[in-house]
file run-v4.txt (compact mmCIF, C-alpha atoms)
# COMPACT_ATOMS: atom_id res chain seq x y z
CA MET A 220 -134.90 169.82 47.22
CA SER A 221 -131.77 171.78 46.68
CA VAL A 222 -128.43 171.77 44.88
CA THR A 223 -125.14 172.48 46.65
CA PHE A 224 -121.98 173.59 44.84
CA SER A 225 -118.82 172.48 46.68
CA ALA A 226 -115.10 171.98 46.09
CA LEU A 227 -113.73 168.43 46.38
CA ASP A 228 -110.07 167.38 46.43
CA THR A 229 -110.16 164.19 44.36
CA THR A 230 -106.87 162.85 45.75
CA THR A 231 -107.98 162.97 49.39
CA ASP A 232 -111.79 162.91 48.98
CA GLN A 233 -111.87 165.92 51.31
CA TRP A 234 -114.06 168.99 50.88
CA VAL A 235 -112.06 172.16 50.33
CA ALA A 236 -113.26 175.64 51.40
CA ASP A 237 -116.44 174.05 52.71
CA GLU A 238 -117.52 177.35 54.25
CA LEU A 239 -117.80 178.74 50.70
CA SER A 240 -120.24 176.06 49.47
CA VAL A 241 -123.29 177.53 47.76
CA ASN A 242 -126.77 176.04 48.19
CA MET A 243 -129.88 176.95 46.21
CA ALA A 244 -133.30 175.57 45.38
CA ASN A 245 -133.48 173.25 42.36
CA ALA A 246 -135.36 175.76 40.19
CA ASN A 247 -132.83 178.50 40.94
CA ALA A 248 -129.90 176.11 40.46
CA ALA A 249 -131.28 175.21 37.02
CA VAL A 250 -131.21 178.89 36.01
CA VAL A 251 -127.65 179.29 37.32
CA LEU A 252 -126.48 176.07 35.64
CA ASP A 253 -127.97 177.35 32.40
CA ALA A 254 -125.94 180.58 32.81
CA LEU A 255 -122.87 178.37 33.34
CA GLY A 256 -123.42 176.66 29.99
CA PHE A 257 -125.06 173.44 31.20
CA ALA A 258 -128.39 174.02 29.40
CA GLU A 259 -128.45 170.53 27.87
CA ASP A 260 -127.96 168.89 31.27
CA VAL A 261 -130.67 171.07 32.81
CA ALA A 262 -133.06 170.25 29.94
CA ALA A 263 -132.43 166.55 30.62
CA GLY A 264 -133.24 167.09 34.31
CA ASP A 265 -129.63 166.52 35.39
CA LEU A 266 -128.68 168.90 38.21
CA CYS A 267 -125.60 166.93 39.29
CA GLY A 268 -122.06 167.17 37.98
CA GLY A 269 -118.50 168.22 38.52
CA ILE A 270 -115.60 169.75 36.59
CA PRO A 271 -112.08 170.99 37.43
CA ALA A 272 -112.09 174.23 39.42
CA GLN A 273 -110.22 176.15 36.68
CA ASP A 274 -112.81 175.13 34.07
CA PHE A 275 -115.63 176.01 36.45
CA LEU A 276 -114.12 179.46 37.07
CA GLY A 277 -113.99 180.01 33.31
CA ARG A 278 -117.67 179.12 33.03
CA VAL A 279 -118.53 181.52 35.86
CA LEU A 280 -116.68 184.38 34.17
CA THR A 281 -118.35 183.54 30.85
CA GLY A 282 -121.70 183.42 32.64
CA PHE A 283 -121.24 187.03 33.76
CA GLY A 284 -120.76 188.00 30.12
CA LEU A 285 -123.71 186.02 28.80
CA ALA A 286 -126.16 186.85 31.59
CA PRO A 287 -125.25 190.40 32.62
CA THR A 288 -128.59 191.11 34.33
CA ASP A 289 -131.21 188.82 35.83
CA PRO A 290 -134.61 190.52 35.80
CA GLY A 291 -135.84 188.03 38.39
CA ARG A 292 -139.24 186.36 38.41
CA PRO A 293 -142.29 187.48 40.39
CA ALA A 294 -143.83 185.25 43.02
CA THR A 295 -146.93 183.35 41.89
CA GLU A 296 -149.69 181.37 43.51
CA ASP A 297 -151.84 178.76 41.77
CA ILE A 298 -154.82 176.84 43.10
CA GLY A 299 -155.38 173.37 41.66
CA GLU A 300 -158.78 171.96 40.75
CA HIS A 301 -159.05 170.22 44.14
CA GLY A 302 -157.89 173.24 46.11
CA ALA A 303 -154.19 172.40 46.39
CA ARG A 304 -152.15 175.58 46.59
CA PHE A 305 -148.77 175.92 44.86
CA ILE A 306 -146.66 178.94 45.76
CA ASP A 307 -143.57 179.84 43.76
CA CYS A 308 -141.59 182.40 45.73
CA GLY A 309 -140.03 183.78 42.54
CA ARG A 310 -136.49 185.02 42.19
CA ALA A 311 -135.18 188.46 43.16
CA PRO A 312 -133.71 190.66 40.41
CA GLY A 313 -129.95 190.09 40.19
CA TYR A 314 -130.18 186.62 41.77
CA VAL A 315 -128.10 184.90 39.07
CA GLN A 316 -125.32 187.48 39.30
CA ASP A 317 -125.29 187.23 43.11
CA ARG A 318 -124.92 183.46 42.91
CA LEU A 319 -122.28 183.71 40.18
CA ARG A 320 -120.24 185.98 42.49
CA GLN A 321 -120.48 183.38 45.27
CA LEU A 322 -119.49 180.60 42.85
CA GLN A 323 -116.56 182.72 41.64
CA THR A 324 -115.32 183.00 45.24
CA LEU A 325 -115.62 179.22 45.68
CA ALA A 326 -113.79 178.50 42.41
CA GLU A 327 -111.03 181.02 43.13
CA ALA A 328 -110.42 179.39 46.52
CA ALA A 329 -110.10 175.99 44.84
CA VAL A 330 -108.27 176.82 41.63
CA GLY A 331 -104.75 176.65 43.11
CA ASN A 332 -104.98 172.85 43.44
CA PRO A 333 -105.30 170.96 40.12
CA ASP A 334 -106.83 167.98 41.95
CA VAL A 335 -109.87 169.98 43.08
CA ILE A 336 -113.15 169.82 41.22
CA ILE A 337 -116.28 171.85 41.76
CA THR A 338 -119.24 169.52 42.23
CA TRP A 339 -122.95 170.14 42.35
CA ALA A 340 -125.70 167.82 43.47

call {"tool": "encode", "arguments": {"input": "run-v4.txt", "output": "structure tokens"}}
result
Amino acid sequence: MSVTFSALDTTTDQWVADELSVNMANANAAVVLDALGFAEDVAAGDLCGGIPAQDFLGRVLTGFGLAPTDPGRPATEDIGEHGARFIDCGRAPGYVQDRLRQLQTLAEAAVGNPDVIITWA
């Protein structure tokens, strides 16, 4: 599963700057949402939401300050007791900052219209 961050004009129900939408795996989205200040939502398993673009941009800029470097996470492989294999591909160093830059671009494209919210689901 994955989470996509997009800009939605709430007066027209039209997607704005759709080419700037950002998609990431659930586990990676949880880390990014945590950097955006949504730790309580992530802890509750809620990876869906939406806020005004200006507020979202503020959270992105704050996220840069609170999470200046992402050390990443190495890939792992586990074998279950019945032989099932689980592979976690990890996360490259700097992943969170790369995604925050993409989200900043999305928010900046949307911030001129007060009816636009940034959604994620």

call {"tool": "residues_around", "arguments": {"input": "run-v4.txt", "residues": "region 271-279 of chain A", "least_positions_apart": "5", "cutoff": "10 Å", "atoms": "only C-alpha atoms", "output": "PyMOL selection string"}}
result
chain A and resi 226-229+251-252+254-257+284-285+316+318-338

call {"tool": "atom_distance", "arguments": {"input": "run-v4.txt", "atom1": "CA of Ser225 (chain A)", "atom2": "CA of Asn245 (chain A)"}}
result
15.3 Å

call {"tool": "closest_residue", "arguments": {"input": "run-v4.txt", "among": "A:Phe224, A:Asp289, A:Ile306, A:Gly282", "to": "Ala258 (chain A)", "atoms": "all atoms listed in the file"}}
result
A:Gly282

call {"tool": "residues_near_point", "arguments": {"input": "run-v4.txt", "point": "(-141.9, 182.2, 44.5)", "cutoff": "8 Å", "atoms": "only C-alpha atoms", "output": "PyMOL selection string"}}
result
chain A and resi 292-296+306-310

call {"tool": "atom_distance", "arguments": {"input": "run-v4.txt", "atom1": "CA of Asp317 (chain A)", "atom2": "CA of Met243 (chain A)"}}
result
11.7 Å

call {"tool": "atom_distance", "arguments": {"input": "run-v4.txt", "atom1": "CA of Asp237 (chain A)", "atom2": "CA of Met220 (chain A)"}}
result
19.7 Å

call {"tool": "residues_near_point", "arguments": {"input": "run-v4.txt", "point": "(-130.3, 174.5, 43.2)", "cutoff": "9 Å", "atoms": "all atoms listed in the file", "output": "JSON, numbers by chain"}}
result
{"A": [220, 221, 222, 223, 224, 241, 242, 243, 244, 245, 246, 247, 248, 249, 250, 251, 252, 266, 339, 340]}

call {"tool": "decode", "arguments": {"input": "run-v4.txt", "residues": "region 264-280 of chain A", "atoms": "all heavy atoms", "output": "JSON list (two decimals), in the first residue's frame"}}
result
[["chain", "number", "residue", "atom", "x", "y", "z"],
["A", 264, "GLY", "N", -2.25, 4.80, 13.69],
["A", 264, "GLY", "CA", -2.42, 4.07, 12.43],
["A", 264, "GLY", "C", -3.15, 4.85, 11.37],
["A", 264, "GLY", "O", -3.56, 4.30, 10.35],
["A", 265, "ASP", "N", -3.31, 6.17, 11.57],
["A", 265, "ASP", "CA", -4.05, 7.01, 10.63],
["A", 265, "ASP", "C", -3.08, 7.69, 9.67],
["A", 265, "ASP", "O", -2.36, 8.61, 10.05],
["A", 265, "ASP", "CB", -4.85, 8.05, 11.40],
["A", 265, "ASP", "CG", -5.77, 8.85, 10.51],
["A", 265, "ASP", "OD1", -5.84, 8.56, 9.30],
["A", 265, "ASP", "OD2", -6.43, 9.78, 11.03],
["A", 266, "LEU", "N", -3.06, 7.23, 8.43],
["A", 266, "LEU", "CA", -2.18, 7.82, 7.41],
["A", 266, "LEU", "C", -2.97, 8.62, 6.39],
["A", 266, "LEU", "O", -2.53, 8.81, 5.26],
["A", 266, "LEU", "CB", -1.38, 6.70, 6.71],
["A", 266, "LEU", "CG", -0.48, 5.86, 7.59],
["A", 266, "LEU", "CD1", 0.27, 4.82, 6.77],
["A", 266, "LEU", "CD2", 0.51, 6.72, 8.37],
["A", 267, "CYS", "N", -4.14, 9.10, 6.78],
["A", 267, "CYS", "CA", -4.99, 9.90, 5.90],
["A", 267, "CYS", "C", -5.27, 11.25, 6.57],
["A", 267, "CYS", "O", -5.38, 11.33, 7.79],
["A", 267, "CYS", "CB", -6.33, 9.20, 5.64],
["A", 267, "CYS", "SG", -6.17, 7.62, 4.84],
["A", 268, "GLY", "N", -5.38, 12.29, 5.77],
["A", 268, "GLY", "CA", -5.71, 13.58, 6.34],
["A", 268, "GLY", "C", -5.66, 14.67, 5.29],
["A", 268, "GLY", "O", -5.48, 14.41, 4.10],
["A", 269, "GLY", "N", -5.79, 15.89, 5.76],
["A", 269, "GLY", "CA", -5.73, 17.04, 4.89],
["A", 269, "GLY", "C", -5.79, 18.32, 5.69],
["A", 269, "GLY", "O", -6.49, 18.39, 6.69],
["A", 270, "ILE", "N", -5.00, 19.32, 5.26],
["A", 270, "ILE", "CA", -4.99, 20.63, 5.91],
["A", 270, "ILE", "C", -4.77, 21.69, 4.82],
["A", 270, "ILE", "O", -4.29, 21.38, 3.74],
["A", 270, "ILE", "CB", -3.92, 20.75, 7.02],
["A", 270, "ILE", "CG1", -2.51, 20.54, 6.47],
["A", 270, "ILE", "CG2", -4.21, 19.79, 8.17],
["A", 270, "ILE", "CD1", -1.40, 20.81, 7.49],
["A", 271, "PRO", "N", -5.09, 22.96, 5.12],
["A", 271, "PRO", "CA", -4.85, 24.03, 4.15],
["A", 271, "PRO", "C", -3.39, 24.05, 3.70],
["A", 271, "PRO", "O", -2.47, 23.77, 4.47],
["A", 271, "PRO", "CB", -5.21, 25.30, 4.92],
["A", 271, "PRO", "CG", -6.21, 24.84, 5.94],
["A", 271, "PRO", "CD", -5.73, 23.47, 6.35],
["A", 272, "ALA", "N", -3.19, 24.39, 2.43],
["A", 272, "ALA", "CA", -1.85, 24.37, 1.85],
["A", 272, "ALA", "C", -0.86, 25.24, 2.63],
["A", 272, "ALA", "O", 0.29, 24.84, 2.83],
["A", 272, "ALA", "CB", -1.91, 24.81, 0.38],
["A", 273, "GLN", "N", -1.30, 26.41, 3.08],
["A", 273, "GLN", "CA", -0.40, 27.30, 3.83],
["A", 273, "GLN", "C", 0.05, 26.63, 5.13],
["A", 273, "GLN", "O", 1.22, 26.71, 5.49],
["A", 273, "GLN", "CB", -1.11, 28.63, 4.13],
["A", 273, "GLN", "CG", -0.21, 29.64, 4.82],
["A", 273, "GLN", "CD", 0.91, 30.15, 3.93],
["A", 273, "GLN", "OE1", 0.70, 30.46, 2.77],
["A", 273, "GLN", "NE2", 2.10, 30.25, 4.46],
["A", 274, "ASP", "N", -0.86, 25.98, 5.84],
["A", 274, "ASP", "CA", -0.51, 25.28, 7.07],
["A", 274, "ASP", "C", 0.44, 24.11, 6.78],
["A", 274, "ASP", "O", 1.38, 23.86, 7.53],
["A", 274, "ASP", "CB", -1.76, 24.76, 7.78],
["A", 274, "ASP", "CG", -2.66, 25.88, 8.27],
["A", 274, "ASP", "OD1", -2.22, 27.05, 8.31],
["A", 274, "ASP", "OD2", -3.82, 25.58, 8.62],
["A", 275, "PHE", "N", 0.17, 23.41, 5.68],
["A", 275, "PHE", "CA", 1.02, 22.28, 5.30],
["A", 275, "PHE", "C", 2.43, 22.78, 5.00],
["A", 275, "PHE", "O", 3.41, 22.16, 5.45],
["A", 275, "PHE", "CB", 0.42, 21.55, 4.10],
["A", 275, "PHE", "CG", 1.13, 20.27, 3.78],
["A", 275, "PHE", "CD1", 0.82, 19.10, 4.46],
["A", 275, "PHE", "CD2", 2.11, 20.24, 2.80],
["A", 275, "PHE", "CE1", 1.49, 17.92, 4.17],
["A", 275, "PHE", "CE2", 2.78, 19.06, 2.50],
["A", 275, "PHE", "CZ", 2.46, 17.90, 3.19],
["A", 276, "LEU", "N", 2.54, 23.88, 4.26],
["A", 276, "LEU", "CA", 3.85, 24.44, 3.95],
["A", 276, "LEU", "C", 4.60, 24.78, 5.24],
["A", 276, "LEU", "O", 5.80, 24.51, 5.36],
["A", 276, "LEU", "CB", 3.72, 25.67, 3.05],
["A", 276, "LEU", "CG", 5.02, 26.37, 2.67],
["A", 276, "LEU", "CD1", 5.98, 25.43, 1.96],
["A", 276, "LEU", "CD2", 4.72, 27.60, 1.81],
["A", 277, "GLY", "N", 3.91, 25.34, 6.20],
["A", 277, "GLY", "CA", 4.53, 25.65, 7.49],
["A", 277, "GLY", "C", 5.06, 24.40, 8.18],
["A", 277, "GLY", "O", 6.16, 24.40, 8.75],
["A", 278, "ARG", "N", 4.30, 23.32, 8.11],
["A", 278, "ARG", "CA", 4.75, 22.06, 8.71],
["A", 278, "ARG", "C", 5.97, 21.50, 7.97],
["A", 278, "ARG", "O", 6.87, 20.94, 8.60],
["A", 278, "ARG", "CB", 3.62, 21.03, 8.71],
["A", 278, "ARG", "CG", 2.58, 21.32, 9.79],
["A", 278, "ARG", "CD", 1.44, 20.31, 9.71],
["A", 278, "ARG", "NE", 0.49, 20.51, 10.76],
["A", 278, "ARG", "CZ", 0.47, 19.85, 11.92],
["A", 278, "ARG", "NH1", 1.37, 18.92, 12.16],
["A", 278, "ARG", "NH2", -0.44, 20.10, 12.83],
["A", 279, "VAL", "N", 5.99, 21.65, 6.65],
["A", 279, "VAL", "CA", 7.14, 21.17, 5.88],
["A", 279, "VAL", "C", 8.39, 21.95, 6.29],
["A", 279, "VAL", "O", 9.44, 21.35, 6.56],
["A", 279, "VAL", "CB", 6.89, 21.31, 4.36],
["A", 279, "VAL", "CG1", 8.17, 21.09, 3.58],
["A", 279, "VAL", "CG2", 5.82, 20.34, 3.90],
["A", 280, "LEU", "N", 8.29, 23.26, 6.38],
["A", 280, "LEU", "CA", 9.44, 24.07, 6.75],
["A", 280, "LEU", "C", 9.89, 23.76, 8.17],
["A", 280, "LEU", "O", 11.10, 23.71, 8.45],
["A", 280, "LEU", "CB", 9.12, 25.56, 6.56],
["A", 280, "LEU", "CG", 8.81, 25.98, 5.12],
["A", 280, "LEU", "CD1", 8.40, 27.43, 5.05],
["A", 280, "LEU", "CD2", 10.00, 25.69, 4.21]]
